[in-house]
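run_10.txt (compact mmCIF, C-alpha atoms)
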# COMPACT_ATOMS: atom_id res chain seq x y z
CA MET A 1 -5.72 -12.69 -10.70
CA SER A 2 -5.12 -15.44 -8.17
CA LEU A 3 -4.75 -19.20 -8.30
CA LYS A 4 -5.93 -20.74 -5.05
CA PRO A 5 -3.65 -23.22 -3.25
CA THR A 6 -4.81 -26.58 -2.00
CA ALA A 7 -6.29 -26.64 1.48
CA ALA A 8 -3.30 -28.54 2.86
CA LEU A 9 -0.84 -26.03 1.43
CA LEU A 10 -2.86 -23.13 2.82
CA MET A 11 -2.87 -24.66 6.30
CA LEU A 12 0.91 -25.03 6.21
CA THR A 13 1.29 -21.43 5.06
CA LEU A 14 -0.78 -20.01 7.88
CA LEU A 15 0.97 -21.85 10.70
CA PRO A 16 2.30 -19.16 13.06
CA LEU A 17 5.96 -18.45 13.45
CA ALA A 18 7.43 -18.81 16.90
CA ALA A 19 6.50 -15.58 18.67
CA HIS A 20 9.89 -15.26 20.32
CA ALA A 21 12.01 -16.10 17.28
CA ALA A 22 14.33 -13.36 16.03
CA VAL A 23 13.95 -12.65 12.34
CA ASN A 24 17.27 -13.31 10.64
CA ILE A 25 17.14 -11.55 7.28
CA GLN A 26 19.77 -12.51 4.73
CA ARG A 27 20.07 -9.78 2.10
CA TRP A 28 22.14 -9.38 -1.03
CA GLN A 29 22.12 -7.94 -4.52
CA THR A 30 22.68 -9.80 -7.77
CA PRO A 31 25.10 -8.47 -10.42
CA GLU A 32 22.08 -7.16 -12.36
CA GLY A 33 20.91 -5.13 -9.39
CA THR A 34 18.09 -7.35 -8.14
CA GLN A 35 17.70 -7.09 -4.39
CA VAL A 36 17.07 -10.42 -2.61
CA LEU A 37 15.84 -10.88 0.96
CA LEU A 38 15.60 -14.33 2.52
CA VAL A 39 14.30 -15.65 5.83
CA GLU A 40 14.85 -19.38 6.23
CA ARG A 41 11.98 -21.30 7.84
CA HIS A 42 12.55 -25.04 7.67
CA GLN A 43 9.76 -26.16 10.00
CA ASN A 44 7.37 -26.72 7.09
CA PRO A 45 8.08 -27.84 3.50
CA ILE A 46 6.82 -24.64 1.91
CA VAL A 47 8.27 -21.62 0.12
CA ASP A 48 6.71 -18.17 -0.31
CA VAL A 49 8.17 -15.85 -2.96
CA GLN A 50 7.18 -12.31 -3.80
CA ILE A 51 8.79 -10.38 -6.64
CA SER A 52 8.14 -6.64 -6.62
CA PHE A 53 8.97 -4.17 -9.37
CA LYS A 54 9.60 -0.57 -8.38
CA GLY A 55 8.13 1.98 -10.75
CA ALA A 56 5.43 -0.38 -12.05
CA GLY A 57 2.52 0.91 -9.96
CA SER A 58 -0.42 3.23 -10.55
CA ALA A 59 1.65 6.36 -9.82
CA PHE A 60 3.35 5.69 -13.17
CA ASN A 61 0.25 5.21 -15.29
CA PRO A 62 0.35 7.16 -18.57
CA GLU A 63 -1.51 10.45 -18.52
CA GLY A 64 -5.16 10.08 -19.49
CA LYS A 65 -5.16 6.28 -19.38
CA GLY A 66 -6.44 4.69 -16.21
CA GLU A 67 -5.29 1.40 -14.70
CA VAL A 68 -2.58 0.52 -17.24
CA SER A 69 -0.33 -0.64 -14.43
CA GLU A 70 -3.13 -2.61 -12.78
CA PHE A 71 -4.07 -4.33 -16.05
CA THR A 72 -0.44 -5.13 -16.77
CA ALA A 73 0.03 -6.77 -13.39
CA ALA A 74 -3.22 -8.73 -13.62
CA LEU A 75 -2.46 -10.03 -17.11
CA LEU A 76 0.90 -11.45 -16.08
CA THR A 77 -0.97 -14.42 -14.62
CA GLY A 78 -3.65 -14.44 -17.32
CA GLY A 79 -1.76 -16.88 -19.51
CA THR A 80 1.66 -17.12 -21.15
CA GLN A 81 2.96 -17.56 -24.68
CA ARG A 82 2.96 -21.33 -24.09
CA LEU A 83 -0.15 -21.67 -21.96
CA ASP A 84 -3.53 -20.00 -22.15
CA GLU A 85 -5.24 -18.88 -18.96
CA GLU A 86 -6.92 -22.21 -18.21
CA ALA A 87 -3.82 -24.29 -18.99
CA PHE A 88 -1.71 -22.03 -16.78
CA LYS A 89 -4.19 -22.45 -13.95
CA GLU A 90 -4.35 -26.21 -14.39
CA GLN A 91 -0.57 -26.58 -14.28
CA ALA A 92 -0.35 -24.51 -11.11
CA ASP A 93 -3.16 -26.48 -9.48
CA GLY A 94 -1.47 -29.75 -10.45
CA LEU A 95 1.64 -28.62 -8.59
CA ALA A 96 -0.37 -27.52 -5.52
CA ALA A 97 1.04 -24.04 -6.17
CA SER A 98 -0.49 -20.59 -6.03
CA ILE A 99 0.61 -17.81 -8.37
CA SER A 100 -0.94 -14.34 -8.17
CA SER A 101 -0.16 -10.85 -9.40
CA ASP A 102 -1.24 -7.43 -8.24
CA GLY A 103 -0.60 -3.74 -8.81
CA GLY A 104 0.06 -1.17 -6.10
CA ASP A 105 0.67 2.56 -5.83
CA GLU A 106 4.41 2.56 -6.53
CA GLY A 107 5.06 -0.98 -7.68
CA ALA A 108 3.61 -4.29 -8.82
CA THR A 109 4.07 -7.78 -7.42
CA VAL A 110 3.97 -11.40 -8.52
CA THR A 111 3.71 -13.97 -5.73
CA LEU A 112 4.37 -17.71 -5.65
CA ARG A 113 3.51 -20.20 -2.93
CA SER A 114 4.78 -23.72 -3.42
CA LEU A 115 5.93 -26.86 -1.67
CA SER A 116 9.70 -26.83 -1.32
CA HIS A 117 10.43 -30.27 -2.77
CA PRO A 118 12.32 -29.79 -6.05
CA ALA A 119 9.81 -31.91 -7.94
CA LYS A 120 7.15 -29.32 -7.12
CA LEU A 121 9.16 -26.13 -6.69
CA LYS A 122 11.17 -26.16 -9.92
CA PRO A 123 8.18 -26.49 -12.27
CA ALA A 124 6.29 -23.94 -10.15
CA VAL A 125 9.16 -21.44 -10.52
CA ASN A 126 9.17 -22.21 -14.24
CA LEU A 127 5.51 -21.16 -14.38
CA LEU A 128 6.42 -18.01 -12.47
CA ASN A 129 9.19 -17.32 -14.96
CA GLN A 130 6.78 -17.74 -17.88
CA ALA A 131 4.38 -15.27 -16.28
CA LEU A 132 7.17 -12.72 -15.81
CA THR A 133 8.94 -13.09 -19.14
CA GLN A 134 6.36 -14.48 -21.59
CA PRO A 135 2.99 -12.97 -20.71
CA ARG A 136 0.26 -13.75 -23.22
CA PHE A 137 -1.64 -10.44 -22.89
CA ASP A 138 -4.70 -12.21 -24.23
CA THR A 139 -7.37 -9.98 -25.77
CA ALA A 140 -10.31 -11.86 -24.27
CA VAL A 141 -8.80 -11.86 -20.78
CA PHE A 142 -7.99 -8.16 -21.07
CA GLU A 143 -11.52 -7.27 -22.14
CA ARG A 144 -12.96 -9.29 -19.27
CA ILE A 145 -10.71 -7.58 -16.72
CA ARG A 146 -11.42 -4.14 -18.16
CA LYS A 147 -15.17 -4.73 -18.10
CA ARG A 148 -14.95 -5.87 -14.49
CA SER A 149 -12.86 -2.80 -13.62
CA ILE A 150 -15.37 -0.43 -15.22
CA THR A 151 -18.24 -2.08 -13.37
CA ALA A 152 -16.35 -1.84 -10.07
CA LEU A 153 -15.58 1.85 -10.62
CA GLN A 154 -19.20 2.63 -11.50
CA GLN A 155 -20.31 0.94 -8.28
CA GLN A 156 -17.68 2.78 -6.23
CA GLU A 157 -18.81 6.10 -7.66
CA THR A 158 -22.12 5.62 -5.84
CA ASP A 159 -20.33 5.33 -2.47
CA PRO A 160 -19.88 8.65 -0.63
CA GLY A 161 -16.77 7.36 1.12
CA PHE A 162 -15.09 6.56 -2.18
CA ILE A 163 -16.14 9.92 -3.64
CA ALA A 164 -14.71 11.74 -0.63
CA ASP A 165 -11.41 9.84 -0.61
CA ARG A 166 -10.88 10.38 -4.31
CA ALA A 167 -11.65 14.09 -4.08
CA LEU A 168 -9.24 14.42 -1.15
CA ALA A 169 -6.47 12.71 -3.13
CA ARG A 170 -6.99 15.21 -5.93
CA LEU A 171 -6.70 18.12 -3.51
CA ASN A 172 -3.65 16.61 -1.82
CA TYR A 173 -1.72 15.75 -4.96
CA GLY A 174 -3.20 17.43 -8.03
CA SER A 175 -1.10 16.39 -11.03
CA HIS A 176 1.56 14.68 -8.91
CA PRO A 177 1.89 10.91 -9.63
CA TYR A 178 0.26 10.06 -6.30
CA GLY A 179 -2.88 11.77 -7.60
CA ARG A 180 -3.15 9.72 -10.79
CA PRO A 181 -5.34 6.91 -9.41
CA ALA A 182 -7.86 9.56 -8.34
CA GLN A 183 -8.08 10.75 -11.95
CA THR A 184 -9.23 7.35 -13.22
CA SER A 185 -12.58 7.43 -15.00
CA VAL A 186 -14.62 5.03 -17.09
CA GLU A 187 -13.46 6.94 -20.16
CA SER A 188 -9.79 6.74 -19.22
CA ILE A 189 -10.11 2.99 -18.66
CA ARG A 190 -11.79 2.54 -22.05
CA ARG A 191 -8.88 4.38 -23.72
CA VAL A 192 -6.38 1.75 -22.62
CA THR A 193 -5.19 -0.66 -25.32
CA LEU A 194 -3.12 -3.83 -25.23
CA ASP A 195 -0.35 -1.84 -26.91
CA ASP A 196 -0.34 0.49 -23.89
CA ILE A 197 -0.02 -2.52 -21.61
CA ARG A 198 2.76 -4.11 -23.65
CA ALA A 199 4.67 -0.81 -23.68
CA PHE A 200 4.26 -0.41 -19.92
CA TYR A 201 5.47 -3.97 -19.35
CA ARG A 202 8.51 -3.61 -21.64
CA SER A 203 9.62 -0.36 -20.03
CA ARG A 204 9.00 -1.09 -16.34
CA TYR A 205 9.79 -4.75 -15.66
CA GLY A 206 13.53 -5.39 -15.41
CA LYS A 207 16.02 -7.18 -13.20
CA ASN A 208 17.47 -3.93 -11.91
CA ASN A 209 14.19 -2.74 -10.33
CA ALA A 210 13.13 -6.15 -8.99
CA ILE A 211 13.02 -7.03 -5.30
CA VAL A 212 12.72 -10.74 -4.50
CA ALA A 213 11.52 -11.70 -1.01
CA VAL A 214 11.65 -15.36 0.02
CA VAL A 215 10.40 -17.00 3.22
CA GLY A 216 10.50 -20.72 3.81
CA ASP A 217 12.29 -24.00 3.38
CA LEU A 218 15.28 -22.82 1.30
CA ASN A 219 18.86 -21.85 2.07
CA ARG A 220 20.81 -19.07 0.38
CA ARG A 221 22.31 -21.26 -2.35
CA GLN A 222 18.89 -22.63 -3.25
CA THR A 223 17.41 -19.13 -3.19
CA GLU A 224 20.09 -17.81 -5.53
CA ALA A 225 19.18 -20.59 -7.99
CA LEU A 226 15.47 -19.80 -7.61
CA VAL A 227 16.07 -16.11 -8.38
CA ARG A 228 18.11 -16.94 -11.47
CA GLN A 229 15.42 -19.30 -12.71
CA ALA A 230 12.53 -16.94 -11.96
CA LEU A 231 14.07 -13.88 -13.66
CA ASN A 232 15.81 -15.64 -16.55
CA GLY A 233 14.87 -13.84 -19.76
CA LEU A 234 13.72 -10.63 -18.09
CA PRO A 235 15.43 -7.48 -19.43
CA ALA A 236 18.51 -6.49 -17.46
CA ARG A 237 17.21 -2.96 -16.96
CA SER A 238 13.89 -1.17 -17.06
CA SER A 239 14.00 1.80 -19.39
CA GLN A 240 11.97 4.09 -17.13
CA SER A 241 12.90 5.59 -13.78
CA SER A 242 11.17 4.33 -10.65
CA ALA A 243 11.82 7.58 -8.76
CA VAL A 244 8.84 9.55 -7.46
CA PRO A 245 9.17 13.36 -7.56
CA ALA A 246 8.75 15.37 -4.39
CA VAL A 247 5.22 16.46 -3.58
CA PRO A 248 4.95 20.14 -4.54
CA GLU A 249 3.49 23.01 -2.55
CA TYR A 250 -0.29 23.08 -2.50
CA ARG A 251 -3.03 25.48 -1.43
CA ALA A 252 -5.26 23.87 1.15
CA ALA A 253 -8.90 23.90 0.08
CA HIS A 254 -12.40 22.90 1.09
CA GLN A 255 -14.65 21.11 -1.42
CA ASN A 256 -18.36 20.40 -0.99
CA ILE A 257 -19.86 17.68 -3.18
CA PRO A 258 -23.64 17.23 -3.37
CA PHE A 259 -24.93 13.77 -2.49
CA ALA A 260 -28.39 12.49 -1.57
CA GLY A 261 -29.02 10.88 1.79
CA GLU A 262 -29.14 11.78 5.44
CA GLN A 263 -25.42 11.53 6.16
CA ALA A 264 -22.49 13.69 5.18
CA GLN A 265 -19.11 12.03 4.65
CA ILE A 266 -16.23 14.22 5.86
CA VAL A 267 -12.55 13.67 5.14
CA MET A 268 -9.58 15.88 5.97
CA GLY A 269 -6.02 15.33 4.88
CA MET A 270 -2.63 16.53 3.77
CA PRO A 271 0.58 15.07 2.32
CA LEU A 272 2.82 14.34 5.28
CA ILE A 273 4.88 11.22 5.91
CA LYS A 274 7.73 9.51 4.06
CA ARG A 275 9.08 6.03 4.70
CA HIS A 276 12.43 7.54 5.73
CA ASP A 277 10.87 10.49 7.55
CA PRO A 278 13.00 11.71 10.48
CA ASP A 279 9.73 12.14 12.42
CA TYR A 280 8.36 8.77 11.36
CA TYR A 281 7.90 7.15 14.76
CA ALA A 282 6.72 10.32 16.46
CA LEU A 283 4.07 10.80 13.79
CA VAL A 284 2.97 7.15 14.01
CA ALA A 285 2.69 7.17 17.79
CA GLY A 286 0.85 10.48 17.74
CA ASN A 287 -1.58 9.20 15.15
CA TYR A 288 -2.62 6.41 17.52
CA THR A 289 -3.66 8.99 20.10
CA LEU A 290 -5.28 11.30 17.58
CA GLY A 291 -7.48 8.80 15.74
CA GLY A 292 -5.72 5.52 15.04
CA GLY A 293 -6.45 3.94 18.42
CA GLY A 294 -10.15 3.25 18.02
CA PHE A 295 -12.17 4.04 21.14
CA ASP A 296 -8.98 5.21 22.87
CA SER A 297 -8.43 8.05 20.41
CA ARG A 298 -9.23 11.72 20.93
CA LEU A 299 -11.37 11.93 17.80
CA MET A 300 -13.62 9.12 19.04
CA LYS A 301 -13.85 10.52 22.55
CA GLU A 302 -14.76 13.99 21.30
CA LEU A 303 -16.92 13.34 18.23
CA ARG A 304 -18.65 10.15 19.37
CA ASP A 305 -18.57 10.01 23.16
CA LYS A 306 -18.93 13.69 24.00
CA HIS A 307 -21.04 15.07 21.17
CA GLY A 308 -22.66 12.05 19.53
CA TYR A 309 -21.86 13.35 16.05
CA THR A 310 -20.75 10.01 14.63
CA TYR A 311 -20.49 6.28 15.27
CA GLY A 312 -16.82 6.32 14.39
CA ALA A 313 -14.02 8.75 13.56
CA SER A 314 -10.46 7.79 12.75
CA SER A 315 -7.15 9.01 11.40
CA SER A 316 -4.54 7.20 9.35
CA LEU A 317 -1.04 7.63 7.97
CA THR A 318 0.17 6.18 4.67
CA PRO A 319 3.97 6.43 4.47
CA SER A 320 5.36 6.43 0.93
CA SER A 321 8.60 7.20 -0.91
CA GLU A 322 7.51 10.82 -0.88
CA ALA A 323 4.93 12.50 1.36
CA GLY A 324 2.05 10.10 1.87
CA PRO A 325 -1.18 11.35 3.41
CA LEU A 326 -2.43 11.96 6.90
CA ALA A 327 -6.20 11.49 6.69
CA ILE A 328 -9.12 11.93 9.08
CA GLY A 329 -12.55 10.58 8.21
CA PHE A 330 -16.05 10.20 9.63
CA SER A 331 -19.71 10.53 8.71
CA THR A 332 -22.42 12.51 10.48
CA GLN A 333 -25.98 13.69 10.11
CA LYS A 334 -26.09 16.52 7.57
CA ALA A 335 -27.43 18.94 10.15
CA ASN A 336 -24.31 18.31 12.25
CA THR A 337 -21.81 18.82 9.44
CA ALA A 338 -20.50 22.24 10.40
CA ALA A 339 -20.33 21.49 14.11
CA ALA A 340 -18.72 18.08 13.64
CA LEU A 341 -16.15 19.45 11.22
CA ALA A 342 -15.30 22.28 13.60
CA ALA A 343 -14.93 19.80 16.45
CA ALA A 344 -12.63 17.55 14.42
CA ARG A 345 -10.45 20.48 13.40
CA LYS A 346 -10.22 21.58 17.03
CA VAL A 347 -9.19 18.08 18.14
CA LEU A 348 -6.44 18.12 15.53
CA ALA A 349 -5.31 21.66 16.36
CA ASP A 350 -5.24 20.95 20.09
CA PHE A 351 -3.32 17.72 19.66
CA ALA A 352 -0.77 19.30 17.33
CA ALA A 353 -0.26 22.10 19.84
CA GLU A 354 -0.20 20.02 23.03
CA GLY A 355 0.94 16.56 22.00
CA PRO A 356 -0.11 13.48 23.93
CA THR A 357 -0.31 13.23 27.68
CA GLU A 358 2.10 10.82 29.32
CA GLU A 359 -0.78 8.40 29.88
CA GLU A 360 -1.84 8.61 26.23
CA LEU A 361 1.71 8.03 25.03
CA GLN A 362 2.16 4.98 27.25
CA GLN A 363 -1.11 3.57 25.93
CA ALA A 364 0.01 4.16 22.35
CA LYS A 365 3.39 2.57 22.99
CA ALA A 366 1.83 -0.49 24.63
CA ASN A 367 -0.57 -1.04 21.76
CA ILE A 368 1.92 -0.48 18.95
CA THR A 369 4.75 -2.53 20.42
CA GLY A 370 2.46 -5.22 21.81
CA SER A 371 0.69 -5.83 18.51
CA PHE A 372 3.73 -5.39 16.27
CA PRO A 373 4.90 -9.05 16.36
CA LEU A 374 1.43 -10.13 15.20
CA ARG A 375 2.02 -8.24 11.94
CA PHE A 376 4.50 -10.89 10.79
CA ASP A 377 3.54 -14.00 12.77
CA THR A 378 3.02 -16.17 9.68
CA ASN A 379 5.20 -16.80 6.66
CA ALA A 380 2.74 -14.98 4.43
CA LYS A 381 2.74 -11.85 6.61
CA LEU A 382 6.52 -11.91 6.97
CA LEU A 383 6.85 -12.11 3.20
CA GLY A 384 5.02 -8.81 2.89
CA TYR A 385 7.34 -7.17 5.38
CA LEU A 386 10.43 -8.46 3.58
CA SER A 387 9.09 -6.93 0.38
CA LEU A 388 8.42 -3.67 2.21
CA ILE A 389 11.96 -3.61 3.61
CA GLY A 390 13.45 -4.20 0.19
CA PHE A 391 11.13 -1.88 -1.69
CA TYR A 392 11.82 1.11 0.54
CA ASN A 393 15.40 0.15 1.38
CA LEU A 394 14.68 -0.08 5.09
CA PRO A 395 17.37 -1.46 7.43
CA ASP A 396 17.84 -5.19 7.95
CA ASN A 397 16.87 -4.85 11.62
CA TYR A 398 13.65 -2.94 10.84
CA LEU A 399 11.41 -5.52 12.53
CA GLU A 400 13.39 -5.25 15.76
CA ALA A 401 14.13 -1.51 15.50
CA TYR A 402 10.50 -0.46 15.00
CA PRO A 403 9.16 -1.34 18.47
CA LYS A 404 12.39 -0.16 20.12
CA ALA A 405 12.10 3.24 18.43
CA VAL A 406 8.48 3.58 19.51
CA SER A 407 9.31 2.55 23.06
CA ALA A 408 12.06 5.19 23.27
CA LEU A 409 9.78 8.09 22.30
CA THR A 410 9.04 10.87 24.76
CA ALA A 411 5.87 12.95 24.88
CA GLU A 412 7.96 16.01 24.03
CA GLN A 413 9.31 14.37 20.85
CA VAL A 414 5.81 13.51 19.68
CA LYS A 415 4.58 17.00 20.49
CA SER A 416 7.50 18.59 18.64
CA ALA A 417 6.92 16.56 15.49
CA TRP A 418 3.20 17.30 15.36
CA GLN A 419 3.70 20.99 16.15
CA ARG A 420 6.22 21.37 13.34
CA ARG A 421 4.55 19.22 10.74
CA VAL A 422 0.76 19.39 11.17
CA LYS A 423 -1.42 22.50 11.08
CA ALA A 424 -5.21 22.25 11.05
CA GLU A 425 -5.36 25.14 8.57
CA ASN A 426 -3.19 23.16 6.14
CA MET A 427 -5.65 20.28 5.92
CA ASN A 428 -7.63 19.83 2.73
CA ILE A 429 -11.29 19.14 3.49
CA VAL A 430 -13.97 17.34 1.48
CA VAL A 431 -17.61 17.09 2.50
CA VAL A 432 -19.78 14.75 0.46
CA GLY A 433 -23.44 15.42 1.13
CA ALA A 434 -23.12 18.88 2.65
CA GLU A 435 -26.36 20.76 3.14
CA GLN A 436 -27.29 23.15 0.35
CA GLY A 437 -25.84 26.59 0.84
CA ALA A 438 -22.88 25.34 2.90
CA ALA A 439 -19.78 27.47 2.59
CA THR A 440 -17.14 26.32 0.11
CA ALA A 441 -14.24 27.55 2.21
CA ALA A 442 -13.24 26.78 5.75
CA GLY A 443 -10.57 28.68 7.57
CA ASP A 444 -7.53 30.66 6.55
CA TYR A 445 -5.95 28.55 3.81
CA ARG A 446 -2.58 29.34 2.32
CA PRO A 447 0.12 27.69 0.18
CA VAL A 448 1.86 24.94 2.11
CA LYS A 449 5.55 24.17 1.62
CA ARG A 450 6.67 20.57 1.66
CA ARG A 451 9.67 19.38 3.59
In structure tokens, write the structure found in this file.
Amino acid sequence: MSLKPTAALLMLTLLPLAAHAAVNIQRWQTPEGTQVLLVERHQNPIVDVQISFKGAGSAFNPEGKGEVSEFTAALLTGGTQRLDEEAFKEQADGLAASISSDGGDEGATVTLRSLSHPAKLKPAVNLLNQALTQPRFDTAVFERIRKRSITALQQQETDPGFIADRALARLNYGSHPYGRPAQTSVESIRRVTLDDIRAFYRSRYGKNNAIVAVVGDLNRRQTEALVRQALNGLPARSSQSSAVPAVPEYRAAHQNIPFAGEQAQIVMGMPLIKRHDPDYYALVAGNYTLGGGGFDSRLMKELRDKHGYTYGASSSLTPSSEAGPLAIGFSTQKANTAAALAAARKVLADFAAEGPTEEELQQAKANITGSFPLRFDTNAKLLGYLSLIGFYNLPDNYLEAYPKAVSALTAEQVKSAWQRRVKAENMNIVVVGAEQGAATAAGDYRPVKRR
């Protein structure tokens, strides 16, 4: 639920940071355990704040009840004990402030954007504090959000891409917390009550699992005061752990799902990469060559350019606290399903065995390091990276270390990582819209041990 800023405030927010400026991150922890990260930017009179709560995301939803975490996050800005939804919105608008809340996989966030003058910032932070510590959890707002969520899910369930991705997540993670969002159904959403939401909020929002990221026109002393004001009244500790268990062994499988239409949607994947993975940069650079580099990637060159099986094929990595997925996806004419799938598996197998050529690696390095500064070239983008650094306890120099680590990679290091970590036979496969009579197994599948 988002409150839109004024046009003038939005323009200030989106002004680019100096491309050459080093990012000086000030970082500390409060006595209650709240982690604070600050980057001072005094060029414009604006402050961006994002407060994240570890352990408050969809991976921690109660069994059999879908979107409890998402509803909890959304309702934080749906009114407070003092202000109903409309009054809350009006006060924020009157201050030219924006306050929004959102749920993620492992955590939830509340974000504030405000002018830095105390006459505007202090009452805006007070509204933020009310949202965090005195949520209204209004019945009418909840029912509206739930109805909208059910409608969205019903629409998504008609999309073959969504069906394929959800089925792949179930194969990758089963009953592991990372698989819980894929278990969401209309029925599980309807089972959620406001009591479930209140219990989730009480047990998972505390000062000890909060990460506060601040970018803008404040110094450390002012930021310390802002954090105290924003979190005042929040429980000192959440009563539930924010730790994610390791992803267990799984047996790779192939699932065919009937679907009308001329195209088959194909996805392949496996749990693979952690945020603190020792092979992190080698896996990322290799993924660019495999399928993350658009028309430069091997999947595109083989499946699109050489065979004409698809308009687009890509691969992606989603690093998480525990093993996040490597995924490959594309669509093709149903008659080409078997051939296109075999070609994609061969591309993966060949790349894992051979690694990138020197030319491919240099191209990957140039793209990754060249585009990396653009990922945090505004205050709003930098705020997200500060939250990421705090949430996953990444080093203070992460924004400088990332391109340096990529630049230092050798082709042999990338090859070694992919040889050791990725096997085509370990990939789960989902085909939505396979031709009738298609086989339900593909290859020699076996239990896969996690690192």
Counting only C-alpha atoms, find the residues whose atoms lie at most 10 Å from (-2.9, 3.7, -18.2) (file coordinates) and write them out as a list of chain:residue names. A:Ser58, A:Ala59, A:Phe60, A:Asn61, A:Pro62, A:Glu63, A:Gly64, A:Lys65, A:Gly66, A:Glu67, A:Val68, A:Ser69, A:Glu70, A:Phe71, A:Thr72, A:Arg180, A:Pro181, A:Thr184, A:Ser188, A:Ile189, A:Arg190, A:Arg191, A:Val192, A:Thr193, A:Asp196, A:Ile197, A:Phe200
Between A:Ala167, A:Ala74, A:Val406, A:Ala92, which has the minimum distance to Arg146 in chain A (counting all atoms listed in the file)?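 Looking only at the distances to Arg146 in chain A, the closest residue turns out to be A:Ala74.
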Hey, which of A:Ala199, A:Lys122, A:Val110, A:Gly293 ends up closest to Gln222 in chain A? Count all atoms listed in the file. A:Lys122
Looking at A:Asn393, A:Ser52, A:Thr357, A:Thr109, which one is nearest to Ala411 in chain A, with distances taken over all atoms listed in the file?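 Comparing A:Asn393, A:Ser52, A:Thr357, A:Thr109 against Ala411 in chain A, the winner is A:Thr357.
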If you count all atoms listed in the file, which residues fall within 10 Å of range 258-261 of chain A, apart from same-chain ones fewer than 4 positions away, as a list in words?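 Here the qualifying residues turn out to be Thr158, Asp159, Pro160, Ile163, Gln265, Gln333, Lys334, Val431, Val432, Gly433, Ala434, Glu435 and Gln436 of chain A.
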Next, write the just-selected residues to a file, as a PDB file, in the frame of the given file, keeping C-alpha atoms as the atom set.
ATOM      1  CA  THR A 158     -22.120   5.620  -5.840  1.00  0.00           C
ATOM      2  CA  ASP A 159     -20.330   5.330  -2.470  1.00  0.00           C
ATOM      3  CA  PRO A 160     -19.880   8.650  -0.630  1.00  0.00           C
ATOM      4  CA  ILE A 163     -16.140   9.920  -3.640  1.00  0.00           C
ATOM      5  CA  GLN A 265     -19.110  12.030   4.650  1.00  0.00           C
ATOM      6  CA  GLN A 333     -25.980  13.690  10.110  1.00  0.00           C
ATOM      7  CA  LYS A 334     -26.090  16.520   7.570  1.00  0.00           C
ATOM      8  CA  VAL A 431     -17.610  17.090   2.500  1.00  0.00           C
ATOM      9  CA  VAL A 432     -19.780  14.750   0.460  1.00  0.00           C
ATOM     10  CA  GLY A 433     -23.440  15.420   1.130  1.00  0.00           C
ATOM     11  CA  ALA A 434     -23.120  18.880   2.650  1.00  0.00           C
ATOM     12  CA  GLU A 435     -26.360  20.760   3.140  1.00  0.00           C
ATOM     13  CA  GLN A 436     -27.290  23.150   0.350  1.00  0.00           C
TER      14      GLN A 436
END
Residue nearest Gln183 in chain A - candidates A:Asp165, A:Asp195, A:Asp350, A:Glu360, atoms counted: only C-alpha atoms: A:Asp165
For Gly292 in chain A, list every protein, DNA or RNA residue within 8 Å, evaluated using all atoms listed in the file, and leave out those in the same chain fewer than 4 positions away; present the list as a PyMOL selection string. chain A and resi 287-288+297+314-316
Using all atoms listed in the file, which residues sit within 10 Å of Ala352 in chain A once same-chain residues fewer than 3 positions away are excluded, as a VMD selection string? chain A and resid 286 290 346 to 349 355 to 356 414 to 424
Between A:Leu299, A:Ala213, A:Ala152, A:Leu194, which has the minimum distance to Val47 in chain A (counting only C-alpha atoms)? A:Ala213
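Relative to CA of Glu262 in chain A, CA of Asn336 in chain A is found at 10.6 Å.
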Which of A:Gly384, A:Pro278, A:Gly161, A:Pro403 sits closest to Asp48 in chain A [using all atoms listed in the file]: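 Using all atoms listed in the file, Asp48 in chain A sits closest to A:Gly384.
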Measure the distance from CA of Tyr281 in chain A to CA of Ala405 in chain A in Å and round it to one decimal. 6.8 Å
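Computed from the coordinates, the CA of Arg198 in chain A to CA of Ser101 in chain A distance equals 16.0 Å.
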Give the centre and edge lengths of an axis-aligned box, in Å to one decimal, that holds all listed atoms of range 245-256 of chain A with 3 Å on each side, as lines of an AutoDock Vina configuration file.
center_x = -4.6
center_y = 19.4
center_z = -3.2
size_x = 33.5
size_y = 18.1
size_z = 14.7
For range 113-119 of chain A in the structure I just supplied, write out N, CA and C atoms - as a tab-separated table (two decimals), in the first residue's frame.
chain	number	residue	atom	x	y	z
A	113	ARG	N	9.78	8.42	2.58
A	113	ARG	CA	10.47	9.44	1.79
A	113	ARG	C	9.92	10.79	2.22
A	114	SER	N	10.81	11.68	2.64
A	114	SER	CA	10.36	12.94	3.21
A	114	SER	C	11.37	14.04	2.93
A	115	LEU	N	10.91	15.27	2.97
A	115	LEU	CA	11.82	16.41	3.00
A	115	LEU	C	12.56	16.38	4.33
A	116	SER	N	13.79	16.89	4.33
A	116	SER	CA	14.63	16.76	5.51
A	116	SER	C	14.43	17.87	6.54
A	117	HIS	N	13.72	18.91	6.21
A	117	HIS	CA	13.49	19.98	7.19
A	117	HIS	C	12.72	19.41	8.38
A	118	PRO	N	13.16	19.73	9.60
A	118	PRO	CA	12.51	19.14	10.79
A	118	PRO	C	11.00	19.34	10.84
A	119	ALA	N	10.53	20.45	10.32
A	119	ALA	CA	9.09	20.70	10.35
A	119	ALA	C	8.31	19.69	9.52
